[in-house]
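Let me begin by presenting the structure, written as structure tokens, before commenting on it.
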Amino acid sequence: MANPLREELASVKRQIGDFFQLDFENGEIHLHSVKGRAFIIPTETWVTLRRELVETFKEGAIPFMFQIGYAVGSSFMEEMKKVDPNPEVILTKLPEVAAASGWGRFTITGDMKLGRDVTFSVSRCPFCHRIEHAETPICDFLVGVLNGLSDNLFQRPHEAKETKCIPMKSEVCEVTITEVTEKTAEQRHWGSYVLFPWLFNPKR
């Protein structure tokens with residue numbers, strides 16, 4: 001039986017129409033390999049959205065963006081697994097899907113079979129676009145996406161941590177995914193305590 005995801009990503013040279021179909025009359029964009037609709041958010045809009053969230057919620061914007069990302073990553077992986085549930089196949093093909101979606105250039109290394117330790121490196125990351133300098137990693141949405149994606153794909157809890165970020169003068173944004181035995185209720189709700197230590201220090 002033919003595998004639609006493998007067929008869809010069989011060629012290295014891809015055009016936008018290979019992944020998406022525009023229904024201009026109804027104002028809809030449809031994905032070919034993963035059935036469903038998509039919509040485009042300009043990177044400049046993301047810059048404005050992130051700035052407004054940070055200005056409004058201060059440190060609370062971090063878990064907020066993470067949680068949104070986690071839901072996006074988990075939902076996306078649920079659809080991907082309907083096409084092919086094999087983690088190695090999905091993670092091998094994910095960089096082309098990400099590139100076609102404007103998420104930058106992904107490189108994935110580590111244990112792609114069991115998902116105990118996986119590293120995602122992203123060049124041209126859109127989630128820190130126009131931020132020239134940062135003291136700490138800031139791609140909280142991306143971290144949430146990759147955490148949700150990994151938890152859903154391997155059906156086990158993971159901790160996600162951004163170890164490199166382009167505004168910190170790194171060439172890539174890098175997120176490490178590490179399997180954990182069990183997440184606490186606080187972690188399941190907010191994400192990783194490694195990412196958000198201020199949650200455990202209310203006087204800060």
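Chain identifiers are assigned as A, B, and so on, following the order in which chains appear in the structure tokens; residues are numbered from 1 within each chain, and ligands are numbered from 1 in order of appearance.
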List as a tab-separated table every residue of stretch 96-153 of chain A that is in contact with stretch 62-74 of chain A, defined as an atom at most 12 Å from one of its atoms (using only C-alpha atoms), together with the nearest atom pair and the distance in Å rounded to one decimal, sorted by chain and then rising number.
```
residue	atom	partner	partner_atom	distance
A:Ala98	CA	A:Gly73	CA	11.8
A:Phe127	CA	A:Met65	CA	10.9
A:Thr136	CA	A:Ile62	CA	11.9
A:Pro137	CA	A:Ile62	CA	10.7
A:Ile138	CA	A:Ile62	CA	8.4
A:Cys139	CA	A:Phe66	CA	8.8
A:Asp140	CA	A:Phe66	CA	5.1
A:Phe141	CA	A:Gly69	CA	4.7
A:Leu142	CA	A:Gly69	CA	6.3
A:Val143	CA	A:Phe66	CA	6.6
A:Gly144	CA	A:Tyr70	CA	4.2
A:Val145	CA	A:Gly73	CA	4.1
A:Leu146	CA	A:Gly73	CA	6.1
A:Asn147	CA	A:Tyr70	CA	6.1
A:Gly148	CA	A:Tyr70	CA	4.3
A:Leu149	CA	A:Gly73	CA	4.4
A:Ser150	CA	A:Ser74	CA	7.7
A:Asp151	CA	A:Ser74	CA	7.3
A:Asn152	CA	A:Ser74	CA	5.5
A:Leu153	CA	A:Ser74	CA	8.0
```
Write out the residues from the selection above, keeping all heavy atoms, as a compact mmCIF listing (two decimals), in the first residue's frame.
```txt
# COMPACT_ATOMS: atom_id res chain seq x y z
N ALA A 98 8.56 21.23 7.81
CA ALA A 98 8.82 22.50 8.50
C ALA A 98 9.28 23.57 7.52
O ALA A 98 8.85 24.72 7.58
CB ALA A 98 9.86 22.29 9.59
N PHE A 127 10.65 32.48 15.09
CA PHE A 127 10.05 32.83 16.38
C PHE A 127 10.91 33.78 17.21
O PHE A 127 10.49 34.23 18.27
CB PHE A 127 9.71 31.55 17.15
CG PHE A 127 8.80 30.65 16.37
CD1 PHE A 127 9.27 29.49 15.80
CD2 PHE A 127 7.48 31.02 16.15
CE1 PHE A 127 8.44 28.68 15.04
CE2 PHE A 127 6.64 30.22 15.39
CZ PHE A 127 7.11 29.05 14.83
N THR A 136 18.76 35.37 27.49
CA THR A 136 18.31 33.99 27.67
C THR A 136 17.53 33.56 26.43
O THR A 136 17.06 34.40 25.66
CB THR A 136 17.41 33.87 28.91
OG1 THR A 136 16.28 34.74 28.75
CG2 THR A 136 18.18 34.22 30.18
N PRO A 137 17.37 32.25 26.22
CA PRO A 137 16.59 31.78 25.07
C PRO A 137 15.16 32.30 25.12
O PRO A 137 14.56 32.41 26.20
CB PRO A 137 16.64 30.26 25.22
CG PRO A 137 17.87 29.99 26.03
CD PRO A 137 17.97 31.14 26.98
N ILE A 138 14.58 32.60 23.97
CA ILE A 138 13.27 33.25 23.95
C ILE A 138 12.23 32.55 23.06
O ILE A 138 11.11 33.03 22.95
CB ILE A 138 13.39 34.72 23.49
CG1 ILE A 138 13.98 34.78 22.08
CG2 ILE A 138 14.23 35.52 24.48
CD1 ILE A 138 13.94 36.17 21.49
N CYS A 139 12.60 31.43 22.43
CA CYS A 139 11.65 30.78 21.51
C CYS A 139 10.73 29.83 22.28
O CYS A 139 10.70 28.61 22.03
CB CYS A 139 12.39 30.06 20.40
SG CYS A 139 13.41 31.15 19.39
N ASP A 140 9.96 30.38 23.21
CA ASP A 140 9.13 29.56 24.10
C ASP A 140 8.03 28.83 23.34
O ASP A 140 7.66 27.70 23.69
CB ASP A 140 8.52 30.45 25.19
CG ASP A 140 9.58 31.29 25.88
OD1 ASP A 140 10.47 30.70 26.51
OD2 ASP A 140 9.53 32.53 25.77
N PHE A 141 7.49 29.46 22.32
CA PHE A 141 6.46 28.81 21.50
C PHE A 141 7.04 27.59 20.80
O PHE A 141 6.45 26.51 20.81
CB PHE A 141 5.89 29.80 20.48
CG PHE A 141 4.88 29.20 19.55
CD1 PHE A 141 3.57 29.02 19.95
CD2 PHE A 141 5.24 28.82 18.26
CE1 PHE A 141 2.63 28.45 19.09
CE2 PHE A 141 4.31 28.25 17.40
CZ PHE A 141 3.00 28.07 17.81
N LEU A 142 8.21 27.74 20.21
CA LEU A 142 8.87 26.63 19.52
C LEU A 142 9.18 25.49 20.49
O LEU A 142 8.98 24.32 20.17
CB LEU A 142 10.16 27.11 18.86
CG LEU A 142 11.03 26.03 18.20
CD1 LEU A 142 10.31 25.40 17.01
CD2 LEU A 142 12.37 26.62 17.76
N VAL A 143 9.65 25.81 21.68
CA VAL A 143 9.95 24.80 22.69
C VAL A 143 8.68 24.02 23.04
O VAL A 143 8.69 22.79 23.14
CB VAL A 143 10.55 25.44 23.96
CG1 VAL A 143 10.73 24.40 25.06
CG2 VAL A 143 11.89 26.09 23.64
N GLY A 144 7.57 24.74 23.19
CA GLY A 144 6.30 24.07 23.48
C GLY A 144 5.86 23.16 22.35
O GLY A 144 5.40 22.04 22.59
N VAL A 145 6.02 23.63 21.12
CA VAL A 145 5.65 22.82 19.95
C VAL A 145 6.43 21.50 19.96
O VAL A 145 5.86 20.42 19.80
CB VAL A 145 5.92 23.58 18.64
CG1 VAL A 145 5.83 22.63 17.44
CG2 VAL A 145 4.92 24.72 18.47
N LEU A 146 7.75 21.59 20.15
CA LEU A 146 8.58 20.40 20.09
C LEU A 146 8.36 19.48 21.29
O LEU A 146 8.48 18.26 21.18
CB LEU A 146 10.05 20.80 19.99
CG LEU A 146 10.40 21.58 18.71
CD1 LEU A 146 11.87 22.00 18.71
CD2 LEU A 146 10.09 20.76 17.46
N ASN A 147 7.99 20.05 22.44
CA ASN A 147 7.67 19.22 23.61
C ASN A 147 6.36 18.47 23.37
O ASN A 147 6.28 17.25 23.60
CB ASN A 147 7.56 20.10 24.85
CG ASN A 147 7.79 19.34 26.14
OD1 ASN A 147 8.16 19.93 27.15
ND2 ASN A 147 7.58 18.04 26.14
N GLY A 148 5.35 19.17 22.88
CA GLY A 148 4.07 18.52 22.60
C GLY A 148 4.19 17.49 21.50
O GLY A 148 3.60 16.40 21.56
N LEU A 149 4.96 17.82 20.48
CA LEU A 149 5.20 16.90 19.37
C LEU A 149 5.85 15.62 19.87
O LEU A 149 5.44 14.50 19.52
CB LEU A 149 6.08 17.61 18.35
CG LEU A 149 6.49 16.93 17.05
CD1 LEU A 149 6.71 17.99 15.98
CD2 LEU A 149 7.76 16.12 17.23
N SER A 150 6.87 15.74 20.71
CA SER A 150 7.61 14.58 21.21
C SER A 150 6.77 13.73 22.16
O SER A 150 6.78 12.50 22.08
CB SER A 150 8.90 15.04 21.91
OG SER A 150 9.73 15.76 21.02
N ASP A 151 6.06 14.38 23.07
CA ASP A 151 5.21 13.63 24.00
C ASP A 151 4.18 12.81 23.25
O ASP A 151 3.92 11.65 23.59
CB ASP A 151 4.50 14.59 24.96
CG ASP A 151 5.42 15.11 26.05
OD1 ASP A 151 6.63 14.79 26.04
OD2 ASP A 151 4.93 15.86 26.92
N ASN A 152 3.58 13.40 22.24
CA ASN A 152 2.54 12.71 21.48
C ASN A 152 3.13 11.61 20.61
O ASN A 152 2.59 10.50 20.53
CB ASN A 152 1.77 13.71 20.62
CG ASN A 152 0.53 13.11 20.00
OD1 ASN A 152 0.60 12.14 19.25
ND2 ASN A 152 -0.62 13.68 20.31
N LEU A 153 4.25 11.89 19.96
CA LEU A 153 4.86 10.93 19.05
C LEU A 153 5.31 9.66 19.77
O LEU A 153 5.06 8.55 19.32
CB LEU A 153 6.05 11.56 18.33
CG LEU A 153 6.85 10.65 17.38
CD1 LEU A 153 5.95 10.11 16.26
CD2 LEU A 153 8.03 11.41 16.79
```
Residues near stretch 42-53 of chain A, cut-off 7 Å, only C-alpha atoms, skip fewer than 5 positions along chain, as a list in words: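 Selected residues are Ala61, Pro126 and His129 of chain A.
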At a cut-off of 6 Å, using only C-alpha atoms, what residues contact A:Pro167? Leave out same-chain residues fewer than 5 positions from it and give the result as a compact mmCIF listing (two decimals) with N, CA, C and O atoms, in the first residue's frame.
```txt
# COMPACT_ATOMS: atom_id res chain seq x y z
N GLU A 132 17.33 41.23 18.12
CA GLU A 132 18.77 41.24 17.84
C GLU A 132 19.60 40.77 19.01
O GLU A 132 20.73 40.29 18.82
N HIS A 133 19.09 40.89 20.23
CA HIS A 133 19.89 40.50 21.39
C HIS A 133 18.99 39.96 22.49
O HIS A 133 17.91 40.50 22.74
N ALA A 134 19.44 38.89 23.14
CA ALA A 134 18.73 38.34 24.29
C ALA A 134 19.73 37.69 25.22
O ALA A 134 20.72 37.10 24.78
```
Of A:Phe106, A:Phe20, A:Phe154, A:Phe76, the one sitting nearest A:Ile40 when using only C-alpha atoms is A:Phe20
Alpha helix (DSSP H) call set, DSSP backbone run, stretch 74-203 of chain A, as a PyMOL selection string: chain A and resi 74-83+87-100+140-154+185-190
Counting only C-alpha atoms, which residue out of A:Lys164, A:Val89, A:Ser101, A:Thr178 sits closest to A:Gly17?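 With only C-alpha atoms as the atom set, the closest residue is A:Ser101.
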Give me every strand (DSSP E or B) residue in stretch 45-149 of chain A, going by DSSP on the backbone, as a PyMOL selection string. chain A and resi 105-110+117-123
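Summary of the local environment: counting only C-alpha atoms, residues at most 10 Å from A:Gln21, other than itself and those fewer than 6 positions away along its chain, are Glu28, Ile29, His30, Leu31, His32, Arg37 and Ala38 of chain A.
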Grab the residues selected above and save them as a compact mmCIF listing (two decimals), in the first residue's frame with N, CA, C and O atoms.
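Saved result, part06.txt, follows:
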```
# COMPACT_ATOMS: atom_id res chain seq x y z
N GLU A 28 -9.57 29.38 1.63
CA GLU A 28 -9.05 28.25 2.40
C GLU A 28 -7.73 27.74 1.80
O GLU A 28 -7.56 27.75 0.58
N ILE A 29 -6.84 27.30 2.68
CA ILE A 29 -5.61 26.62 2.28
C ILE A 29 -5.69 25.20 2.82
O ILE A 29 -5.94 24.99 4.01
N HIS A 30 -5.51 24.22 1.95
CA HIS A 30 -5.60 22.81 2.36
C HIS A 30 -4.24 22.14 2.26
O HIS A 30 -3.49 22.37 1.31
N LEU A 31 -3.93 21.30 3.25
CA LEU A 31 -2.69 20.55 3.25
C LEU A 31 -2.90 19.24 2.51
O LEU A 31 -3.94 18.59 2.66
N HIS A 32 -1.92 18.84 1.73
CA HIS A 32 -2.04 17.62 0.95
C HIS A 32 -1.80 16.37 1.79
O HIS A 32 -2.64 15.49 1.86
N ARG A 37 -7.18 22.05 7.04
CA ARG A 37 -6.91 23.41 6.61
C ARG A 37 -5.70 23.97 7.32
O ARG A 37 -5.31 23.53 8.39
N ALA A 38 -5.13 25.00 6.72
CA ALA A 38 -4.04 25.74 7.33
C ALA A 38 -4.30 27.23 7.11
O ALA A 38 -5.14 27.60 6.28
```
Which residues come within 10 Å of A:Arg156, counting only C-alpha atoms, excluding same-chain residues fewer than 4 positions away, as JSON, numbers by chain? {"A": [114, 115, 116, 150, 151, 152, 179, 180, 181, 182, 183]}
Shell around A:Glu88 at 6 Å using only C-alpha atoms, local window under 3 positions removed, as a ChimeraX atom specification: /A:91-92,112-113
Which is closer to A:Lys81 than all the others in A:Val34, A:Arg105, A:Val175, A:Ile131, using only C-alpha atoms? A:Val34
